[in-house]
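**Q** Just so it is clear, I am handing over input.cif, which has mmCIF, C-alpha atoms.
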```cif
data_model
loop_
_atom_site.label_atom_id
_atom_site.label_comp_id
_atom_site.auth_asym_id
_atom_site.auth_seq_id
_atom_site.Cartn_x
_atom_site.Cartn_y
_atom_site.Cartn_z
CA MET L 170 120.46 -56.59 -69.44
CA ALA L 171 117.49 -57.91 -67.51
CA THR L 172 119.75 -58.96 -64.68
CA ARG L 173 121.41 -55.53 -64.51
CA THR L 174 118.06 -53.76 -64.52
CA THR L 175 116.77 -55.99 -61.72
CA ALA L 176 119.88 -55.33 -59.60
CA ALA L 177 119.61 -51.57 -60.16
CA LYS L 178 115.97 -51.56 -59.11
CA ALA L 179 116.84 -53.53 -55.97
CA LYS L 180 119.53 -50.99 -55.03
CA ALA L 181 117.19 -48.06 -55.64
CA GLU L 182 114.41 -49.62 -53.53
CA THR L 183 116.90 -50.36 -50.76
CA SER L 184 118.11 -46.73 -50.77
CA GLN L 185 114.54 -45.41 -50.76
CA ASN L 186 113.59 -47.70 -47.86
CA ALA L 187 116.65 -46.52 -45.93
CA ASP L 188 115.72 -42.91 -46.57
CA ALA L 189 112.11 -43.52 -45.51
CA VAL L 190 113.17 -45.20 -42.28
CA GLU L 191 115.69 -42.43 -41.69
CA GLU L 192 113.05 -39.74 -42.22
CA THR L 193 110.67 -41.55 -39.86
CA GLU L 194 113.33 -41.80 -37.18
CA THR L 195 114.31 -38.15 -37.62
CA THR L 196 110.68 -37.06 -37.39
CA THR L 197 110.21 -39.09 -34.21
CA THR L 198 113.35 -37.60 -32.68
CA ALA L 199 112.29 -34.06 -33.57
CA ALA L 200 108.83 -34.62 -32.11
CA LYS L 201 110.29 -35.65 -28.78
CA LYS L 202 112.37 -32.45 -28.50
CA PRO L 203 110.63 -29.12 -27.77
CA ALA L 204 113.07 -26.98 -29.75
CA ARG L 205 115.05 -27.24 -32.95
CA LYS L 206 118.80 -27.86 -32.99
CA PRO L 207 121.36 -26.28 -35.24
CA ALA L 208 122.88 -29.73 -35.87
CA ALA L 209 119.58 -31.02 -37.24
CA LYS L 210 120.04 -28.85 -40.31
CA ALA L 211 122.78 -31.17 -41.56
CA ALA L 212 120.43 -34.16 -41.76
CA PRO L 213 118.73 -33.26 -45.05
CA LYS L 214 122.12 -32.86 -46.69
CA THR L 215 123.16 -36.36 -45.62
CA LYS L 216 119.97 -37.88 -46.92
CA ALA L 217 120.21 -36.00 -50.17
CA THR L 218 123.79 -37.16 -50.65
CA ARG L 219 122.88 -40.77 -50.07
CA SER L 220 119.92 -40.56 -52.42
CA THR L 221 122.10 -39.00 -55.11
CA LYS L 222 124.71 -41.73 -54.71
CA ALA L 223 122.04 -44.38 -54.91
CA THR L 224 120.64 -42.87 -58.10
CA LYS L 225 124.08 -42.68 -59.72
CA ALA L 226 124.76 -46.27 -58.73
CA ALA L 227 121.51 -47.31 -60.34
CA ASP L 228 122.46 -45.53 -63.57
CA ASP L 229 125.91 -47.13 -63.62
CA THR L 230 124.49 -50.63 -63.22
CA ASP L 231 122.79 -50.32 -66.58
CA ASP L 232 126.21 -50.36 -68.32
CA GLU L 233 128.20 -52.57 -65.93
CA GLU L 234 127.99 -56.25 -65.03
CA LEU L 235 126.22 -57.35 -61.80
CA ASP L 236 129.28 -59.34 -60.75
CA GLY L 237 131.34 -57.67 -57.99
CA GLU L 238 128.67 -55.07 -57.00
CA PRO L 239 127.76 -54.98 -53.24
CA VAL L 240 124.08 -55.59 -52.50
CA ILE L 241 122.57 -53.72 -49.51
CA ASP L 242 120.47 -55.99 -47.39
CA GLU L 243 117.32 -54.57 -45.79
CA ALA L 244 118.36 -56.10 -42.49
CA ASP L 245 121.29 -53.67 -42.31
CA THR L 246 119.09 -50.56 -42.78
CA PRO L 247 118.19 -49.96 -39.08
CA ASP L 248 121.89 -49.83 -38.22
CA VAL L 249 122.49 -47.16 -40.83
CA VAL L 250 119.52 -45.14 -39.65
CA ALA L 251 120.64 -45.45 -36.07
CA ASP L 252 124.09 -44.22 -37.01
CA THR L 253 122.57 -41.25 -38.82
CA ALA L 254 120.45 -40.40 -35.81
CA ASP L 255 123.52 -40.56 -33.62
CA VAL L 256 125.34 -38.15 -35.91
CA GLU L 257 122.44 -35.73 -35.85
CA THR L 258 122.23 -35.71 -32.04
CA ALA L 259 125.93 -35.80 -31.31
CA ASP L 260 127.15 -33.60 -28.43
CA GLU L 261 124.24 -31.09 -28.45
CA PRO L 262 123.07 -30.07 -24.93
CA VAL L 263 119.33 -29.70 -24.50
CA VAL L 264 119.68 -26.36 -22.70
CA GLU L 265 121.56 -24.81 -25.59
CA GLU L 266 118.97 -26.12 -28.03
CA THR L 267 116.15 -24.45 -26.07
CA LYS L 268 118.02 -21.14 -25.84
CA ASP L 269 118.82 -21.19 -29.55
CA ALA L 270 115.20 -21.94 -30.37
CA GLU L 271 113.97 -19.09 -28.14
CA GLU L 272 116.47 -16.69 -29.70
CA SER L 273 115.39 -17.69 -33.19
CA ASP L 274 111.71 -17.29 -32.21
CA ASP L 275 112.43 -13.85 -30.71
CA GLU L 276 114.26 -12.81 -33.85
CA GLU L 277 111.35 -13.97 -36.01
CA SER L 278 108.73 -12.23 -33.84
CA THR L 279 110.84 -9.05 -33.67
CA GLY L 280 111.16 -8.99 -37.42
CA LYS L 281 107.40 -9.30 -37.81
CA ASP L 282 106.55 -6.40 -35.41
CA GLU L 283 105.98 -3.04 -36.96
CA GLU L 284 108.23 -0.17 -35.99
CA LEU L 285 106.68 2.05 -33.28
CA PRO L 286 107.18 5.82 -33.01
CA THR L 287 109.77 7.19 -30.62
CA GLY L 288 108.64 7.20 -26.98
CA ALA L 289 105.71 4.84 -27.58
CA LEU L 290 104.67 2.46 -24.80
CA ARG L 291 104.82 -1.22 -25.81
CA LEU L 292 102.22 -3.31 -23.97
CA THR L 293 102.95 -7.02 -23.81
CA SER L 294 101.05 -9.78 -22.07
CA THR L 295 103.10 -11.49 -19.40
CA ASP L 296 102.50 -13.81 -16.51
CA ASP L 297 104.47 -11.60 -14.13
CA GLU L 298 102.11 -9.41 -12.13
CA ASP L 299 102.99 -5.81 -11.36
CA GLU L 300 104.42 -5.32 -7.91
CA VAL L 301 101.34 -3.51 -6.63
CA PRO L 302 101.42 -2.81 -2.89
CA VAL L 303 98.73 -4.88 -1.17
CA TYR L 304 97.12 -3.55 2.01
CA SER L 305 95.16 -5.88 4.23
CA ALA L 306 92.86 -5.09 7.11
CA ALA L 307 94.78 -7.44 9.40
CA ILE L 308 98.23 -6.04 10.15
CA THR L 309 100.82 -8.47 11.43
CA GLY L 310 102.05 -7.45 14.86
CA ALA L 311 99.44 -4.71 15.32
CA THR L 312 99.82 -2.50 18.38
CA ALA L 313 97.53 -0.18 20.30
CA ASP L 314 98.86 2.79 18.32
CA PRO L 315 97.05 2.99 14.95
CA VAL L 316 99.39 5.70 13.67
CA LYS L 317 102.43 3.50 14.26
CA ASP L 318 100.75 0.55 12.54
CA TYR L 319 99.85 2.68 9.53
CA LEU L 320 103.36 4.10 9.18
CA LYS L 321 104.81 0.60 9.46
CA GLN L 322 102.51 -0.66 6.73
CA ILE L 323 103.18 2.10 4.19
CA GLY L 324 106.91 1.96 4.86
CA LYS L 325 107.14 -1.43 3.16
CA VAL L 326 106.58 0.09 -0.30
CA ALA L 327 109.72 1.27 -2.08
CA LEU L 328 109.97 4.81 -3.38
CA LEU L 329 109.93 5.49 -7.13
CA ASN L 330 112.39 7.33 -9.31
CA ALA L 331 111.43 9.69 -12.12
CA ALA L 332 111.57 7.01 -14.83
CA GLU L 333 109.32 4.65 -12.87
CA GLU L 334 106.83 7.46 -12.25
CA VAL L 335 106.65 8.20 -15.97
CA GLU L 336 106.18 4.52 -16.80
CA LEU L 337 103.33 4.16 -14.31
CA ALA L 338 101.73 7.38 -15.56
CA MET L 339 101.83 6.08 -19.13
CA ARG L 340 100.17 2.84 -18.07
CA ILE L 341 97.50 4.79 -16.20
CA GLU L 342 96.86 6.91 -19.28
CA ALA L 343 96.57 3.80 -21.45
CA GLY L 344 94.17 2.26 -18.93
CA LEU L 345 91.93 5.33 -18.93
CA PHE L 346 91.85 5.29 -22.73
CA ALA L 347 90.95 1.59 -22.70
CA GLU L 348 88.13 2.20 -20.19
CA GLU L 349 86.77 4.96 -22.42
CA LYS L 350 86.76 2.63 -25.42
CA LEU L 351 85.16 -0.20 -23.46
CA SER L 352 82.34 2.08 -22.30
CA GLN L 353 81.50 2.77 -25.95
CA MET L 354 81.50 -0.90 -27.01
CA ALA L 355 78.55 -3.27 -27.01
CA GLU L 356 78.53 -6.45 -24.93
CA ALA L 357 79.27 -8.62 -27.97
CA GLU L 358 82.26 -6.46 -28.92
CA LYS L 359 83.66 -6.68 -25.39
CA ARG L 360 83.91 -10.47 -25.78
CA SER L 361 85.98 -10.13 -28.95
CA GLN L 362 89.78 -10.22 -29.10
CA LEU L 363 89.96 -6.42 -29.12
CA GLY L 364 87.60 -6.20 -26.15
CA ARG L 365 89.67 -8.64 -24.11
CA GLU L 366 92.86 -6.74 -24.91
CA LEU L 367 91.26 -3.44 -23.88
CA ALA L 368 90.04 -5.03 -20.64
CA TRP L 369 93.58 -6.23 -19.92
CA VAL L 370 94.98 -2.73 -20.57
CA ALA L 371 92.33 -1.17 -18.30
CA LYS L 372 93.17 -3.63 -15.52
CA ASP L 373 96.87 -2.91 -15.96
CA GLY L 374 96.14 0.80 -15.62
CA GLN L 375 94.36 0.17 -12.32
CA ARG L 376 97.36 -1.79 -11.04
CA ALA L 377 99.69 1.04 -12.04
CA LYS L 378 97.43 3.55 -10.28
CA SER L 379 97.49 1.51 -7.07
CA HIS L 380 101.27 1.22 -7.29
CA LEU L 381 101.75 4.97 -7.75
CA LEU L 382 99.40 5.69 -4.85
CA GLY L 383 101.07 3.25 -2.48
CA ALA L 384 104.55 4.58 -3.21
CA ASN L 385 103.55 8.17 -2.30
CA LEU L 386 101.57 7.63 0.92
CA ARG L 387 104.56 8.78 2.97
CA LEU L 388 104.37 12.16 1.22
CA VAL L 389 100.86 12.62 2.64
CA VAL L 390 102.06 11.83 6.15
CA SER L 391 104.88 14.39 5.95
CA LEU L 392 102.46 17.12 4.85
CA ALA L 393 99.75 16.19 7.37
CA LYS L 394 102.21 16.69 10.25
CA ARG L 395 102.24 20.43 9.54
CA TYR L 396 98.51 20.77 10.26
CA THR L 397 98.26 18.91 13.57
CA GLY L 398 96.71 20.66 16.56
CA ARG L 399 94.18 22.64 14.53
CA GLY L 400 91.01 20.81 15.38
CA MET L 401 91.43 17.52 13.47
CA GLN L 402 93.00 14.22 14.43
CA PHE L 403 96.24 13.19 12.73
CA LEU L 404 94.72 10.13 11.06
CA ASP L 405 91.82 12.26 9.77
CA LEU L 406 94.32 14.65 8.21
CA ILE L 407 96.10 11.71 6.56
CA GLN L 408 92.79 10.39 5.23
CA GLU L 409 91.89 13.73 3.67
CA GLY L 410 95.39 14.03 2.23
CA ASN L 411 95.04 10.60 0.64
CA LEU L 412 91.94 11.85 -1.18
CA GLY L 413 94.02 14.69 -2.58
CA LEU L 414 96.71 12.20 -3.60
CA ILE L 415 94.15 10.17 -5.56
CA ARG L 416 93.08 13.33 -7.34
CA ALA L 417 96.72 14.10 -8.18
CA VAL L 418 97.27 10.62 -9.65
CA GLU L 419 94.23 11.04 -11.89
CA LYS L 420 95.32 14.45 -13.21
CA PHE L 421 99.13 14.01 -13.38
CA ASP L 422 100.59 14.91 -16.78
CA TYR L 423 103.96 13.22 -17.19
CA THR L 424 104.69 15.10 -20.43
CA LYS L 425 105.33 18.32 -18.49
CA GLY L 426 108.57 16.92 -17.13
CA PHE L 427 107.87 17.59 -13.42
CA LYS L 428 108.23 15.06 -10.63
CA PHE L 429 105.02 13.60 -9.33
CA SER L 430 105.73 14.65 -5.73
CA THR L 431 106.00 18.30 -6.78
CA TYR L 432 102.62 18.15 -8.48
CA ALA L 433 100.87 16.07 -5.80
CA THR L 434 101.92 18.37 -2.94
CA TRP L 435 99.47 21.07 -4.01
CA TRP L 436 96.53 18.69 -4.28
CA ILE L 437 97.30 17.17 -0.88
CA ARG L 438 97.52 20.58 0.80
CA GLN L 439 94.28 21.73 -0.78
CA ALA L 440 92.42 18.61 0.38
CA ILE L 441 93.69 19.01 3.95
CA THR L 442 92.92 22.74 4.22
CA ARG L 443 89.44 22.30 2.75
CA ALA L 444 88.71 19.51 5.22
CA MET L 445 89.90 21.65 8.12
CA ALA L 446 87.63 24.51 7.02
CA ASP L 447 84.62 22.19 6.76
CA GLN L 448 85.15 19.81 9.67
CA ALA L 449 87.61 21.25 12.21
CA ARG L 450 85.27 23.88 13.70
CA THR L 451 82.05 23.37 15.61
CA ILE L 452 80.60 26.36 13.76
CA ARG L 453 81.53 26.15 10.09
CA ILE L 454 83.30 29.15 8.59
CA PRO L 455 83.50 29.72 4.82
CA VAL L 456 86.77 28.82 3.15
CA HIS L 457 87.56 32.40 2.07
CA MET L 458 87.07 33.63 5.65
CA VAL L 459 89.36 30.88 6.95
CA GLU L 460 92.06 32.18 4.62
CA VAL L 461 91.60 35.71 6.01
CA ILE L 462 91.80 34.37 9.58
CA ASN L 463 95.02 32.50 8.82
CA LYS L 464 96.51 35.58 7.17
CA LEU L 465 95.62 37.71 10.21
CA ALA L 466 97.20 35.14 12.53
CA ARG L 467 100.45 35.14 10.51
CA VAL L 468 100.69 38.95 10.51
CA GLN L 469 99.89 39.07 14.22
CA ARG L 470 102.68 36.59 15.06
CA GLN L 471 105.17 38.49 12.91
CA MET L 472 104.32 41.86 14.49
CA LEU L 473 104.54 40.30 17.96
CA GLN L 474 108.13 39.32 17.23
CA ASP L 475 108.98 42.71 15.74
CA LEU L 476 107.30 44.91 18.37
CA GLY L 477 107.74 42.70 21.41
CA ARG L 478 104.06 43.16 22.33
CA GLU L 479 100.62 42.37 21.02
CA PRO L 480 99.76 44.65 18.06
CA THR L 481 96.67 46.85 18.25
CA PRO L 482 93.77 46.56 15.79
CA GLU L 483 94.88 49.84 14.19
CA GLU L 484 98.40 48.49 13.55
CA LEU L 485 97.00 45.27 12.14
CA SER L 486 94.59 47.17 9.90
CA ARG L 487 97.47 49.07 8.29
CA GLU L 488 99.33 45.84 7.56
CA LEU L 489 96.28 44.00 6.22
CA ASP L 490 94.79 46.98 4.36
CA MET L 491 91.42 46.80 6.15
CA THR L 492 89.54 48.85 8.71
CA PRO L 493 90.08 48.34 12.47
CA GLU L 494 86.43 47.28 12.79
CA LYS L 495 86.99 44.57 10.18
CA VAL L 496 90.08 43.36 12.07
CA ILE L 497 88.08 43.03 15.28
CA GLU L 498 85.34 41.16 13.43
CA VAL L 499 87.82 38.70 11.90
CA GLN L 500 89.39 38.13 15.30
CA LYS L 501 85.97 37.22 16.68
CA TYR L 502 85.47 34.72 13.87
CA GLY L 503 88.80 33.12 14.72
CA ARG L 504 87.87 32.36 18.31
CA GLU L 505 87.40 28.73 19.17
CA PRO L 506 84.22 27.74 21.06
CA ILE L 507 84.66 25.98 24.39
CA SER L 508 82.40 23.20 25.59
CA LEU L 509 80.43 23.86 28.77
CA HIS L 510 81.31 20.31 29.84
CA THR L 511 85.06 20.99 29.85
CA PRO L 512 86.39 19.61 33.17
CA LEU L 513 88.11 22.02 35.54
CA GLY L 514 90.62 21.45 38.28
CA GLU L 515 93.01 18.62 38.88
CA ASP L 516 90.29 16.17 39.88
CA GLY L 517 87.92 17.23 37.12
CA ASP L 518 84.96 17.11 39.48
CA SER L 519 83.58 20.42 38.16
CA GLU L 520 82.82 21.68 34.68
CA PHE L 521 83.23 25.01 32.97
CA GLY L 522 79.46 25.42 32.75
CA ASP L 523 79.22 25.44 36.55
CA LEU L 524 80.95 28.84 36.66
CA ILE L 525 78.62 30.60 34.20
CA GLU L 526 75.60 32.43 35.57
CA ASP L 527 72.20 31.64 34.14
CA THR L 528 70.60 35.05 33.76
CA GLU L 529 67.18 33.54 33.17
CA ALA L 530 67.21 31.37 36.26
CA VAL L 531 65.03 32.48 39.21
CA VAL L 532 66.81 33.21 42.47
CA PRO L 533 65.13 31.24 45.27
CA ALA L 534 64.95 34.28 47.58
CA ASP L 535 63.34 36.38 44.88
CA ALA L 536 60.85 33.62 44.14
CA VAL L 537 59.81 33.44 47.80
CA GLY L 538 59.52 37.23 48.05
CA PHE L 539 57.39 37.40 44.91
CA THR L 540 55.03 34.74 46.25
CA MET L 541 54.62 36.59 49.55
CA LEU L 542 53.96 39.88 47.69
CA GLN L 543 51.19 38.25 45.67
CA LYS L 544 49.52 36.99 48.83
CA GLN L 545 49.75 40.45 50.45
CA LEU L 546 48.19 42.13 47.40
CA GLU L 547 45.34 39.64 47.40
CA SER L 548 44.63 40.43 51.02
CA LEU L 549 44.57 44.17 50.28
CA LEU L 550 42.29 43.75 47.26
CA ASP L 551 39.90 41.70 49.33
CA SER L 552 39.42 44.78 51.53
CA LEU L 553 38.07 46.71 48.52
CA SER L 554 34.73 46.47 46.76
CA GLU L 555 34.28 44.02 43.90
CA ARG L 556 34.24 46.74 41.21
CA GLU L 557 37.31 48.52 42.67
CA ALA L 558 39.28 45.30 42.96
CA GLY L 559 38.28 44.27 39.41
CA VAL L 560 39.36 47.61 37.94
CA ILE L 561 42.76 47.43 39.69
CA ARG L 562 43.36 43.80 38.61
CA MET L 563 42.49 44.53 34.95
CA ARG L 564 44.34 47.86 34.85
CA PHE L 565 47.66 46.41 36.11
CA GLY L 566 47.26 42.85 34.81
CA LEU L 567 47.44 41.22 38.22
CA GLY L 568 45.44 38.22 37.11
CA ASP L 569 46.71 37.21 33.67
CA GLY L 570 49.71 39.52 33.34
CA MET L 571 48.08 41.52 30.53
CA PRO L 572 47.28 45.16 31.48
CA LYS L 573 44.14 46.62 29.80
CA THR L 574 43.21 50.11 28.67
CA LEU L 575 40.45 52.25 30.13
CA ASP L 576 38.23 51.60 27.11
CA GLN L 577 38.61 47.83 27.44
CA ILE L 578 37.79 47.95 31.14
CA GLY L 579 34.79 50.27 30.46
CA ASP L 580 33.43 47.83 27.90
CA THR L 581 33.72 45.02 30.43
CA PHE L 582 31.78 46.89 33.12
CA GLY L 583 29.47 48.72 30.67
CA VAL L 584 30.57 52.25 31.64
CA THR L 585 32.60 54.98 29.98
CA ARG L 586 36.36 55.23 30.17
CA GLU L 587 36.02 58.40 32.25
CA ARG L 588 34.09 56.53 34.89
CA ILE L 589 36.77 53.84 34.97
CA ARG L 590 39.45 56.51 35.41
CA GLN L 591 37.55 57.96 38.39
CA ILE L 592 37.21 54.55 40.00
CA GLU L 593 40.94 53.87 39.51
CA SER L 594 41.94 57.21 41.03
CA LYS L 595 39.70 56.70 44.06
CA THR L 596 40.93 53.14 44.64
CA MET L 597 44.62 54.08 44.40
CA ALA L 598 44.07 56.78 47.02
CA LYS L 599 42.68 54.16 49.38
CA LEU L 600 45.67 51.89 48.79
CA ARG L 601 48.14 54.69 49.48
CA HIS L 602 46.72 55.19 52.93
CA PRO L 603 49.32 54.25 55.54
CA SER L 604 47.02 51.65 57.03
CA ARG L 605 47.22 49.65 53.79
CA SER L 606 50.54 50.74 52.18
CA GLN L 607 52.71 50.05 55.20
CA SER L 608 52.48 46.31 54.62
CA LEU L 609 53.81 46.73 51.07
CA ARG L 610 56.74 49.07 51.77
CA ASP L 611 58.99 46.24 52.88
CA TYR L 612 58.86 44.70 49.36
CA LEU L 613 60.00 47.99 47.73
CA GLU L 614 63.33 48.20 49.60
#
```
Kindly present the structure from the file in structure tokens form.
**A**
Amino acid sequence: MATRTTAAKAKAETSQNADAVEETETTTTAAKKPARKPAAKAAPKTKATRSTKATKAADDTDDEELDGEPVIDEADTPDVVADTADVETADEPVVEETKDAEESDDEESTGKDEELPTGALRLTSTDDEDEVPVYSAAITGATADPVKDYLKQIGKVALLNAAEEVELAMRIEAGLFAEEKLSQMAEAEKRSQLGRELAWVAKDGQRAKSHLLGANLRLVVSLAKRYTGRGMQFLDLIQEGNLGLIRAVEKFDYTKGFKFSTYATWWIRQAITRAMADQARTIRIPVHMVEVINKLARVQRQMLQDLGREPTPEELSRELDMTPEKVIEVQKYGREPISLHTPLGEDGDSEFGDLIEDTEAVVPADAVGFTMLQKQLESLLDSLSEREAGVIRMRFGLGDGMPKTLDQIGDTFGVTRERIRQIESKTMAKLRHPSRSQSLRDYLE
């Protein structure tokens, strides 16, 4: 009995050592591979079967003789383990193992996710960046035409369909919500896991906004073409239209079911027309008056086609439901000012201001005649007495250009106004004498 018990213990220890070596080898093999294999599932069964057989053999040796029983040598154990490892790894490609592992991981992660409501936007972190159009200041192959360069640059961005517009709008909405939450959080909360996720969502919303803007820049160009030749450069119209496009992106409501281009058209037109009212004219006109001027111009063009002639203010007043005086006033507001430095002629050597008379300018001939008249009057006054000459100068303002009354002159000379009147009358009679007045008649013709 002691011999049988010793043999049974030896067999059991040999089986346990084989299993331990086998488990070590299997663990090493599994650690080297990044993913699990379906064939690896059969390994535990093999080990369990061998352990069971070893246990049964140990139980049987208690009743049977040791003679004739095979003894497993420990030196043979590595070969058995190696064979087991070969069976486990037989004919299993590494690519298929990785795919199966990823599928099993996806199934496990999908099973753990909670069910979302219908139409909800699932945000997942990924290494793939959104295809946001990138605009650089340096344009490859730039030409002397900035409009051509701009159209070439925006033409590289693909147009969006309705589904892509809705997806971008949902990301923008999520980004705005995340920015609102971040503004209400403290600095410590922003560094938490929730804060980092909100920051990522806000950044994703900005990328979606840039993508939606870049894909609709050609819409602004098509609308800006309709307003050329009205006082603003084409690129300035595009710039103002882009501001309206930004406003449309911020206020677009995808739940209404309309296309983004239909909604953005109104914002782009409003931005362009407001800019034209504020910047296109040298003298600014209020926006409501600009609308009246445009309406008058449309009615005037229509009546010109119908009547074959220019309509009168009375005919326009009946169409516009306003008085003829109001029509004339609006027409004056609609006139464009012209610069005095506008060149004239083919050579452009003269300007428009050269043809306009300066009513305040002094004619050289008149200036010479006025100077000679002053000298002649001084010579005539010198022929009078000092009091008579002083009364005439003060009465007609010959010295300082400010005529004085009889009372003011009387106060100066210390006499009554009646005496000043008598002196004036007597002096004027002397000046009217042909000997003195003949020299002044030539200046009155």
**Q** For the PyMOL selection byres ((chain L and resi 462) around 12), applied here, can you spell out every residue it catches as a ChimeraX atom specification?
**A** /L:446,454-461,463-469,489,495-505
**Q** Would you please work out which residue, of L:Phe346, L:Tyr612, L:Tyr432, L:Tyr319, is nearest to L:Val418 when using only C-alpha atoms?
**A**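 The answer is L:Tyr432, which sits nearest to L:Val418.
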**Q** My list of candidates is L:Asn411, L:Asn330, L:Ser594, L:Thr451. Which is closest to L:Glu557 when distances are computed with all atoms listed in the file?
**A** L:Ser594
**Q** Which residue out of L:Gln408, L:Gln402, L:Ser361, L:Ser430 has the minimum interatomic distance to L:Leu381 when only C-alpha atoms are used?
**A**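 The answer is L:Ser430, which sits nearest to L:Leu381.
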**Q** Closest to L:Gly426 among L:Ser486, L:Asp611, L:Ala338, L:Ala558, using all atoms listed in the file?
**A**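 The shortest atom-to-atom distance to L:Gly426 comes from L:Ala338.
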**Q** Give me the residues near L:Ala598 as a count of residues only, where near means some atom within 12 Å (using all atoms listed in the file) and where sequence neighbours in that chain fewer than 6 positions away do not count.
**A** 8
**Q** List the spatial neighbours of L:Lys394 as an MDAnalysis selection string - criterion: any atom at most 9 Å away, all atoms listed in the file, same-chain residues fewer than 6 positions off excluded.
**A** chainID L and resid 403 406:407
**Q** Emit the selected residues as a short mmCIF file (atom, residue, chain, number, x, y, z; two decimals), in the frame of the given file, including C-alpha atoms.
**A**
```cif
data_model
loop_
_atom_site.label_atom_id
_atom_site.label_comp_id
_atom_site.auth_asym_id
_atom_site.auth_seq_id
_atom_site.Cartn_x
_atom_site.Cartn_y
_atom_site.Cartn_z
CA PHE L 403 96.24 13.19 12.73
CA LEU L 406 94.32 14.65 8.21
CA ILE L 407 96.10 11.71 6.56
#
```
**Q** Compare L:Asp422, L:Leu600, L:Ser391, L:Thr511 by their minimum atom-to-atom distance to L:Asp523, counting all atoms listed in the file, and give me the closest one.
**A** L:Thr511
